[in-house]
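Reproduced below: target20.cif, with mmCIF, C-alpha atoms.
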data_input
loop_
_atom_site.label_atom_id
_atom_site.label_comp_id
_atom_site.auth_asym_id
_atom_site.auth_seq_id
_atom_site.Cartn_x
_atom_site.Cartn_y
_atom_site.Cartn_z
CA MET A 126 44.82 58.15 -38.50
CA ILE A 127 44.08 59.53 -41.98
CA ILE A 128 44.17 56.90 -44.72
CA GLU A 129 45.32 58.20 -48.10
CA PRO A 130 43.02 57.10 -50.98
CA HIS A 131 45.80 55.12 -52.65
CA ASP A 132 46.37 53.15 -49.41
CA GLU A 133 42.78 51.91 -49.15
CA VAL A 134 42.46 48.37 -50.50
CA PHE A 135 38.96 47.36 -49.43
CA ARG A 136 36.00 48.97 -47.72
CA MET A 137 32.50 47.77 -47.01
CA GLU A 138 29.77 49.92 -45.56
CA ASN A 139 26.57 48.81 -43.83
CA VAL A 140 26.51 45.36 -45.42
CA HIS A 141 23.55 43.11 -44.72
CA LEU A 142 23.39 39.45 -45.77
CA SER A 143 20.35 37.21 -45.76
CA TYR A 144 20.26 33.43 -45.87
CA ASN A 145 18.60 33.77 -49.29
CA GLY A 146 21.69 35.60 -50.54
CA LEU A 147 23.72 32.42 -50.09
CA VAL A 148 21.53 30.36 -52.43
CA GLY A 149 22.08 30.13 -56.16
CA THR A 150 25.05 32.48 -56.49
CA ALA A 151 27.41 31.93 -59.41
CA PHE A 152 30.91 32.94 -60.43
CA SER A 153 29.99 35.00 -63.47
CA LYS A 154 26.24 35.66 -63.60
CA PRO A 155 24.74 37.39 -60.55
CA ARG A 156 21.33 36.57 -59.18
CA ALA A 157 18.61 39.18 -59.45
CA LEU A 158 18.51 41.43 -56.43
CA SER A 159 15.85 40.50 -53.91
CA PHE A 160 14.19 42.69 -51.32
CA PHE A 161 12.42 41.16 -48.37
CA GLU A 162 9.28 42.24 -46.59
CA ASP A 163 9.92 44.09 -43.33
CA GLN A 164 8.33 41.36 -41.25
CA GLU A 165 10.63 38.73 -42.78
CA LYS A 166 13.84 40.76 -42.76
CA ASP A 167 15.03 40.30 -39.18
CA SER A 168 14.57 36.53 -39.08
CA ASN A 169 16.07 36.09 -42.54
CA GLU A 170 19.23 38.12 -41.98
CA LEU A 171 22.50 36.44 -41.11
CA ILE A 172 24.57 39.65 -40.92
CA THR A 173 23.47 43.24 -40.33
CA GLU A 174 25.34 46.54 -40.60
CA ALA A 175 28.83 45.11 -41.22
CA SER A 176 31.47 47.72 -42.01
CA LEU A 177 35.22 47.23 -42.46
CA MET A 178 38.18 49.02 -44.01
CA LEU A 179 41.54 47.52 -44.96
CA LYS A 180 44.63 49.37 -46.11
CA ARG A 181 47.58 48.29 -48.23
CA GLY A 182 49.81 45.68 -46.59
CA GLU A 183 47.41 45.17 -43.66
CA THR A 184 46.23 41.83 -42.31
CA ILE A 185 43.00 41.50 -40.35
CA CYS A 186 41.29 38.47 -38.85
CA ILE A 187 37.55 37.89 -38.55
CA GLY A 188 36.66 35.58 -35.67
CA GLY A 189 33.61 34.50 -33.75
CA PRO A 190 31.62 31.41 -32.77
CA SER A 191 30.54 28.89 -35.40
CA GLY A 192 27.41 29.73 -37.33
CA GLN A 193 27.77 33.51 -37.03
CA GLY A 194 28.47 34.00 -40.75
CA LYS A 195 32.24 34.53 -40.92
CA SER A 196 32.78 32.43 -44.03
CA ALA A 197 29.58 33.80 -45.58
CA LEU A 198 30.89 37.35 -45.16
CA LEU A 199 34.16 36.34 -46.82
CA ARG A 200 32.15 34.95 -49.74
CA VAL A 201 30.41 38.30 -50.08
CA ILE A 202 33.77 40.06 -50.28
CA ALA A 203 34.90 37.52 -52.91
CA GLY A 204 31.74 38.06 -54.98
CA LEU A 205 30.46 34.54 -54.34
CA ALA A 206 27.39 35.73 -52.43
CA ARG A 207 25.19 38.78 -52.81
CA PRO A 208 24.51 41.17 -49.92
CA THR A 209 20.95 42.37 -49.55
CA GLN A 210 22.17 45.85 -48.64
CA GLY A 211 25.39 47.81 -48.41
CA ARG A 212 28.27 49.10 -50.50
CA LEU A 213 31.60 47.44 -51.30
CA TYR A 214 34.67 49.26 -52.60
CA TYR A 215 37.77 47.60 -54.07
CA PHE A 216 40.84 49.84 -54.28
CA GLY A 217 38.59 52.89 -54.05
CA GLU A 218 36.17 51.71 -56.75
CA PHE A 219 32.55 51.08 -55.82
CA LEU A 220 31.33 47.80 -57.28
CA PRO A 221 27.54 48.01 -57.73
CA PRO A 222 25.40 45.00 -56.81
CA GLU A 223 24.62 44.03 -60.39
CA ARG A 224 28.36 43.64 -61.06
CA LEU A 225 29.32 41.99 -57.79
CA THR A 226 30.46 38.59 -59.04
CA ALA A 227 33.53 36.49 -58.34
CA LEU A 228 34.86 37.16 -61.83
CA GLU A 229 34.53 40.93 -61.45
CA VAL A 230 36.16 40.82 -58.02
CA ALA A 231 39.00 38.59 -59.27
CA LYS A 232 39.68 41.07 -62.09
CA ARG A 233 40.55 43.56 -59.36
CA GLN A 234 43.38 41.29 -58.17
CA VAL A 235 41.49 39.74 -55.28
CA GLY A 236 42.42 36.13 -54.49
CA PHE A 237 40.47 33.56 -52.50
CA VAL A 238 41.82 30.53 -50.64
CA PHE A 239 39.08 28.05 -49.73
CA GLN A 240 39.15 26.23 -46.42
CA ASN A 241 39.54 22.82 -48.08
CA GLY A 242 42.10 24.08 -50.59
CA ALA A 243 39.89 23.15 -53.58
CA LEU A 244 42.80 21.60 -55.48
CA ILE A 245 41.99 19.71 -58.68
CA SER A 246 42.59 16.05 -57.89
CA ASN A 247 43.84 14.97 -61.33
CA LEU A 248 46.32 17.84 -61.73
CA ARG A 249 49.83 17.88 -60.35
CA VAL A 250 50.87 20.68 -57.98
CA ARG A 251 52.52 22.64 -60.79
CA ASP A 252 49.41 22.43 -62.97
CA ASN A 253 47.07 23.31 -60.11
CA ILE A 254 49.01 26.53 -59.61
CA ALA A 255 49.06 27.21 -63.36
CA LEU A 256 45.31 26.67 -63.82
CA PRO A 257 44.03 30.21 -63.11
CA LEU A 258 46.91 31.74 -65.07
CA ARG A 259 46.00 29.70 -68.13
CA TYR A 260 42.28 30.28 -67.67
CA HIS A 261 42.74 34.05 -67.58
CA LYS A 262 45.40 33.88 -70.34
CA ILE A 263 48.01 35.65 -68.22
CA GLY A 264 51.41 35.59 -69.89
CA ASN A 265 53.13 33.22 -72.27
CA GLN A 266 54.41 29.83 -71.18
CA ALA A 267 57.75 31.19 -69.97
CA GLU A 268 56.03 33.87 -67.91
CA ILE A 269 53.58 31.33 -66.48
CA ASP A 270 56.45 29.03 -65.54
CA GLU A 271 58.23 31.90 -63.80
CA ARG A 272 55.13 32.76 -61.77
CA ILE A 273 54.60 29.12 -60.83
CA ASN A 274 58.18 28.74 -59.63
CA MET A 275 58.04 31.96 -57.63
CA ALA A 276 54.77 30.89 -55.99
CA MET A 277 56.15 27.45 -55.15
CA ASP A 278 59.30 28.99 -53.69
CA LEU A 279 57.30 31.48 -51.63
CA MET A 280 55.22 28.68 -50.08
CA ARG A 281 58.11 26.18 -50.06
CA VAL A 282 56.38 23.49 -52.12
CA ARG A 283 58.69 23.25 -55.15
CA SER A 284 59.85 19.77 -54.10
CA HIS A 285 56.21 18.65 -54.47
CA ALA A 286 55.71 20.17 -57.95
CA ASP A 287 55.05 16.87 -59.74
CA LEU A 288 52.84 15.27 -57.10
CA PHE A 289 49.05 14.97 -57.12
CA PRO A 290 46.96 16.42 -54.27
CA HIS A 291 46.18 13.02 -52.72
CA MET A 292 49.92 12.49 -52.26
CA LEU A 293 50.27 15.63 -50.12
CA SER A 294 49.75 16.20 -46.43
CA ALA A 295 47.03 18.59 -45.32
CA GLY A 296 49.64 21.23 -44.56
CA ILE A 297 51.22 21.02 -48.01
CA GLN A 298 47.79 21.11 -49.67
CA LYS A 299 47.04 24.37 -47.86
CA ARG A 300 50.36 25.83 -48.99
CA VAL A 301 49.73 24.80 -52.60
CA ALA A 302 46.27 26.43 -52.49
CA ILE A 303 47.85 29.66 -51.22
CA ALA A 304 50.55 29.44 -53.90
CA ARG A 305 47.87 29.09 -56.57
CA SER A 306 46.18 32.28 -55.39
CA TRP A 307 49.47 34.14 -54.98
CA ALA A 308 50.55 33.28 -58.54
CA MET A 309 47.75 35.59 -59.75
CA ASP A 310 49.53 38.48 -57.98
CA PRO A 311 46.62 39.40 -55.68
CA LYS A 312 46.69 42.76 -53.97
CA LEU A 313 44.01 41.49 -51.59
CA LEU A 314 43.98 37.85 -50.45
CA LEU A 315 40.96 36.30 -48.71
CA MET A 316 41.66 33.19 -46.63
CA ASP A 317 39.05 30.91 -45.06
CA GLU A 318 40.40 29.03 -42.02
CA PRO A 319 44.00 28.60 -43.26
CA THR A 320 45.06 26.63 -40.16
CA ALA A 321 41.97 24.41 -39.86
CA GLY A 322 42.84 20.72 -39.65
CA LEU A 323 46.58 21.33 -39.29
CA ASP A 324 48.75 19.92 -36.53
CA ASN A 325 50.95 22.28 -34.54
CA TYR A 326 53.99 21.66 -36.76
CA ASN A 327 52.20 22.57 -39.99
CA ARG A 328 50.41 25.46 -38.33
CA ARG A 329 53.72 26.94 -37.15
CA ASN A 330 55.14 26.57 -40.66
CA ILE A 331 52.28 28.15 -42.58
CA LEU A 332 51.84 31.36 -40.58
CA PRO A 333 55.31 32.84 -41.35
CA LEU A 334 54.77 32.04 -45.03
CA ILE A 335 51.48 33.95 -44.98
CA ASP A 336 53.13 36.88 -43.26
CA ASN A 337 55.92 36.89 -45.86
CA MET A 338 53.34 37.91 -48.48
CA ARG A 339 52.44 40.96 -46.45
CA MET A 340 56.03 41.96 -45.71
CA LEU A 341 57.59 41.27 -49.12
CA PHE A 342 54.74 42.20 -51.47
CA LYS A 343 52.47 44.46 -49.38
CA THR A 344 49.63 42.02 -49.92
CA SER A 345 46.54 42.88 -47.87
CA ILE A 346 44.97 39.83 -46.23
CA ILE A 347 41.61 39.07 -44.63
CA ILE A 348 41.59 35.83 -42.63
CA VAL A 349 38.46 34.13 -41.32
CA THR A 350 39.48 31.90 -38.44
CA HIS A 351 38.57 30.08 -35.24
CA ASP A 352 42.27 30.13 -34.36
CA LEU A 353 42.37 33.42 -32.49
CA LEU A 354 46.09 33.23 -31.77
CA ILE A 355 46.71 33.92 -35.46
CA ALA A 356 45.98 37.58 -34.71
CA LYS A 357 48.62 37.62 -31.99
CA GLU A 358 51.23 35.72 -33.97
CA LEU A 359 50.74 37.85 -37.10
CA ASN A 360 50.53 41.00 -34.98
CA CYS A 361 47.30 42.05 -36.65
CA ASN A 362 43.88 43.25 -35.54
CA ILE A 363 40.88 41.00 -35.15
CA CYS A 364 37.16 41.75 -35.29
CA PHE A 365 34.26 39.47 -34.44
CA LEU A 366 30.91 38.57 -35.92
CA HIS A 367 28.63 38.40 -32.91
CA ASN A 368 24.84 38.64 -32.76
CA LYS A 369 24.75 39.38 -36.51
CA LYS A 370 27.06 42.40 -36.20
CA LEU A 371 30.73 42.96 -36.94
CA THR A 372 32.71 44.59 -34.14
CA GLU A 373 35.34 47.26 -34.57
CA PRO A 374 38.84 45.77 -35.07
CA GLY A 375 41.15 45.53 -32.09
CA SER A 376 44.41 43.85 -31.19
CA PHE A 377 44.53 40.38 -29.68
CA ASP A 378 45.62 41.85 -26.35
CA TYR A 379 42.81 44.40 -26.42
CA TRP A 380 40.17 41.69 -26.79
CA ALA A 381 41.86 39.35 -24.31
CA GLN A 382 41.77 42.05 -21.64
CA SER A 383 38.40 43.64 -22.40
CA ASN A 384 35.21 42.89 -20.54
CA THR A 385 32.90 42.62 -23.55
CA GLU A 386 30.53 39.69 -23.96
CA ILE A 387 32.48 38.29 -26.91
CA SER A 388 35.76 38.52 -24.94
CA ARG A 389 34.29 36.75 -21.94
CA GLU A 390 32.95 34.03 -24.23
CA LEU A 391 36.02 33.38 -26.40
CA PHE A 392 38.96 34.40 -24.22
CA ARG A 393 37.91 32.89 -20.90
CA ASP A 394 40.34 29.96 -21.02
CA MET A 395 43.15 32.08 -22.43
CA ARG A 396 42.99 34.41 -19.47
CA ASN A 397 43.46 31.49 -17.11
CA SER A 398 46.34 29.88 -19.03
CA PRO A 399 47.57 32.26 -21.75
CA GLU A 400 50.62 30.16 -22.61
CA SER A 401 48.87 26.80 -22.85
CA PRO A 402 48.58 25.62 -26.49
CA SER A 403 45.94 23.09 -25.53
CA ILE A 404 43.42 25.81 -24.70
CA ALA A 405 44.72 28.74 -26.73
CA ARG A 406 43.23 27.35 -29.92
CA ILE A 407 39.57 28.37 -29.80
CA SER A 408 36.96 26.58 -31.86
CA GLY A 409 33.60 28.18 -31.37
#
Translate this structure into structure tokens?
Amino acid sequence: MIIEPHDEVFRMENVHLSYNGLVGTAFSKPRALSFFEDQEKDSNELITEASLMLKRGETICIGGPSGQGKSALLRVIAGLARPTQGRLYYFGEFLPPERLTALEVAKRQVGFVFQNGALISNLRVRDNIALPLRYHKIGNQAEIDERINMAMDLMRVRSHADLFPHMLSAGIQKRVAIARSWAMDPKLLLMDEPTAGLDNYNRRNILPLIDNMRMLFKTSIIIVTHDLLIAKELNCNICFLHNKKLTEPGSFDYWAQSNTEISRELFRDMRNSPESPSIARISG
């Protein structure tokens, strides 16, 4: 299928990431680029030759066993870590390494939802959502209030607007964190383990809300997850970080039925009992 240039949201080509690239990164001031000796490169690299393309309104999951670098790769895309090699494009624009910072990436309407939510403990829900809007001086107070209300309605947390984070369940905290990112009107949303730590009730509630962003606003979403069924329930492709490499994307059913090493490792129990919720949730 030919992708029109205006439909391409994100593309990375031949990205390598070393363990050193995860140390000392900052939101606004990038670290100096570092190049490693050939004899050190293989042992120091966490990810090699990762390539991925995402189009407008598409959701894709990145799965794989723990320790393979899924969250680290998401941090690279968000500008929070520096790749040692490779090229990253946001909405068709190449962002050179010296400008690859979280602030530069955020300016391109890329949002990030941390696994733990990262809510500010002494701010109420409403003010947590407003924080990035005020920091980036987006809109007057009336416009900020409108964005906050829309974000709370989208994630169904308006009834919690005046509560502090410690007064919220884990599921509501996750929804508030997503609302905070959505209020910035991201065209690309990066989510790190959005269902981690949630019971089945909260998990079932949050997935349709995430999918609403794609359907209503054509938001493109990259989800790092151990919860492989997300790909099936959101009807999206999934790729895997395995042995330092990123696989080609494929549907949940494709991977569940394939005979690759990663499929045998992660889908073994699903093949035996595909409808059993007790074994369908994979944690590597």
**OP:** Name the residues that the PyMOL selection byres ((chain A and resi 211) around 7) pulls out of this structure, and write them as number ranges by chain.
**Re:** A: 138-141, 208, 210, 212-213
**OP:** With the file shown as input, list the residues that the PyMOL selection byres ((chain A and resi 173) around 10) selects, as a PyMOL selection string.
**Re:** chain A and resi 139-143+167+170-172+174-176+208-211+366+368-371
Original post:
Can you tell me, as a PyMOL selection string, what residues are no more than 9 Å from Ala276 in chain A when counting all atoms listed in the file, ignoring any on the same chain fewer than 5 positions away?
Top reply: chain A and resi 254+271+281-283+301+303-308
Original post:
Selected by the PyMOL selection byres ((chain A and resi 199) around 12) in the shown coordinates: which residues, as a PyMOL selection string?
Top reply: chain A and resi 137+140+142+147+172+175+177+186-188+194-198+200-208+227+235-240+314-318+346-350+366
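Among the candidates A:Tyr260, A:Phe392, A:Tyr215, A:Phe342, the one nearest to Leu179 in chain A when counting all atoms listed in the file is A:Tyr215.
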**OP:** Name all residues at most 9 Å from range 322-327 of chain A (count only C-alpha atoms; drop same-chain ones fewer than 5 positions away) and give them as a list in words.
**Re:**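 The contact residues come out as Ala295, Gly296, Ile297 and Leu332 of chain A.
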Original post:
Using only C-alpha atoms, which of A:Arg251, A:Ser388, A:Asp336, A:Leu359 sits nearest Arg272 in chain A?
Top reply: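 Between A:Arg251, A:Ser388, A:Asp336, A:Leu359, the residue approaching Arg272 in chain A most closely is A:Arg251.
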Original post:
Which of these residues is nearest to Val250 in chain A, using all atoms listed in the file: A:Leu334, A:Ala381, A:Val230, A:Leu293?
Top reply: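 Selected residue with least distance to Val250 in chain A: A:Leu293.
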Original post:
So how many Å separate CA of Ala255 in chain A and CA of Leu313 in chain A, to one decimal?
Top reply: 19.2 Å
**OP:** Could you tell me how far CA of His285 in chain A lies from CA of Lys232 in chain A, in Å and to one decimal?
**Re:**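 Here the two named atoms are 28.9 Å from each other.
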Original post:
Could you name the residues that touch His291 in chain A at 12 Å or less, counting all atoms listed in the file, but leaving out those on the same chain fewer than 4 positions away, as a ChimeraX atom specification?
Top reply: /A:242-250,285,287,295,297-298
Original post:
So how far away is CA of Arg339 in chain A from CA of Lys299 in chain A, in Å?
Top reply: 17.5 Å
Subject >> Residue contacts of Thr344 in chain A (6 Å, only C-alpha atoms) excluding same-chain residues fewer than 6 positions away, as JSON, numbers by chain >> reply: {"A": [182, 312, 313, 338]}
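Ranking A:Asn145, A:Thr184, A:Asn253, A:Ser191 by their shortest atom-to-atom distance to Glu358 in chain A, with only C-alpha atoms included, puts A:Thr184 first.
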Original post:
Which residue, A:Ile185, A:Met340, A:Ile331, A:Ile263, has the smallest gap to Phe365 in chain A when you use only C-alpha atoms?
Top reply: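 Selected residue with least distance to Phe365 in chain A: A:Ile185.
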**OP:** Find the residue from A:Arg328, A:Arg300, A:His261, A:Lys180 that sits nearest to Asp278 in chain A; use only C-alpha atoms when measuring.
**Re:** A:Arg300
Put range 193-216 of chain A into a file with N, CA, C and O atoms, as a compact mmCIF listing (two decimals), in the first residue's frame.
# COMPACT_ATOMS: atom_id res chain seq x y z
N GLN A 193 13.86 -6.12 27.09
CA GLN A 193 14.27 -6.06 25.69
C GLN A 193 14.43 -4.62 25.17
O GLN A 193 14.98 -4.41 24.10
N GLY A 194 13.91 -3.64 25.92
CA GLY A 194 14.10 -2.25 25.52
C GLY A 194 12.87 -1.56 24.97
O GLY A 194 12.97 -0.51 24.32
N LYS A 195 11.68 -2.11 25.24
CA LYS A 195 10.45 -1.52 24.71
C LYS A 195 10.26 -0.08 25.20
O LYS A 195 10.05 0.83 24.41
N SER A 196 10.30 0.10 26.50
CA SER A 196 10.11 1.44 27.07
C SER A 196 11.24 2.37 26.67
O SER A 196 11.03 3.57 26.46
N ALA A 197 12.45 1.84 26.56
CA ALA A 197 13.59 2.66 26.14
C ALA A 197 13.38 3.17 24.72
O ALA A 197 13.68 4.33 24.41
N LEU A 198 12.85 2.31 23.84
CA LEU A 198 12.59 2.74 22.47
C LEU A 198 11.52 3.84 22.45
O LEU A 198 11.62 4.80 21.68
N LEU A 199 10.51 3.70 23.30
CA LEU A 199 9.48 4.73 23.37
C LEU A 199 10.07 6.06 23.84
O LEU A 199 9.68 7.13 23.37
N ARG A 200 11.03 6.00 24.75
CA ARG A 200 11.70 7.21 25.22
C ARG A 200 12.51 7.87 24.10
O ARG A 200 12.60 9.09 24.04
N VAL A 201 13.08 7.06 23.23
CA VAL A 201 13.78 7.62 22.07
C VAL A 201 12.81 8.39 21.20
O VAL A 201 13.08 9.53 20.78
N ILE A 202 11.65 7.79 20.92
CA ILE A 202 10.66 8.44 20.07
C ILE A 202 10.18 9.74 20.71
O ILE A 202 9.90 10.73 20.02
N ALA A 203 10.10 9.75 22.05
CA ALA A 203 9.64 10.94 22.78
C ALA A 203 10.73 11.99 22.95
O ALA A 203 10.46 13.09 23.43
N GLY A 204 11.96 11.67 22.55
CA GLY A 204 13.07 12.61 22.71
C GLY A 204 13.69 12.59 24.09
O GLY A 204 14.49 13.47 24.44
N LEU A 205 13.37 11.58 24.89
CA LEU A 205 13.91 11.48 26.25
C LEU A 205 15.20 10.66 26.31
O LEU A 205 15.84 10.60 27.35
N ALA A 206 15.56 10.03 25.21
CA ALA A 206 16.82 9.28 25.13
C ALA A 206 17.37 9.47 23.72
O ALA A 206 16.60 9.70 22.77
N ARG A 207 18.67 9.36 23.59
CA ARG A 207 19.33 9.64 22.33
C ARG A 207 19.79 8.35 21.66
O ARG A 207 20.54 7.58 22.25
N PRO A 208 19.34 8.09 20.42
CA PRO A 208 19.86 6.93 19.71
C PRO A 208 21.31 7.15 19.32
O PRO A 208 21.75 8.29 19.11
N THR A 209 22.05 6.09 19.21
CA THR A 209 23.44 6.19 18.78
C THR A 209 23.56 6.20 17.27
O THR A 209 24.60 6.53 16.71
N GLN A 210 22.47 5.82 16.60
CA GLN A 210 22.47 5.77 15.14
C GLN A 210 21.02 5.75 14.68
O GLN A 210 20.13 5.30 15.40
N GLY A 211 20.77 6.24 13.48
CA GLY A 211 19.44 6.17 12.90
C GLY A 211 18.82 7.53 12.65
O GLY A 211 19.34 8.57 13.06
N ARG A 212 17.69 7.52 11.98
CA ARG A 212 16.99 8.74 11.60
C ARG A 212 15.53 8.66 12.04
O ARG A 212 14.88 7.63 11.89
N LEU A 213 15.03 9.75 12.61
CA LEU A 213 13.64 9.83 13.05
C LEU A 213 12.95 10.99 12.36
O LEU A 213 13.49 12.10 12.29
N TYR A 214 11.75 10.71 11.85
CA TYR A 214 10.95 11.70 11.12
C TYR A 214 9.61 11.85 11.84
O TYR A 214 8.95 10.87 12.16
N TYR A 215 9.21 13.11 12.06
CA TYR A 215 7.92 13.42 12.67
C TYR A 215 7.10 14.21 11.66
O TYR A 215 7.48 15.30 11.26
N PHE A 216 6.00 13.61 11.19
CA PHE A 216 5.13 14.25 10.21
C PHE A 216 5.93 14.67 8.97
O PHE A 216 5.75 15.76 8.43
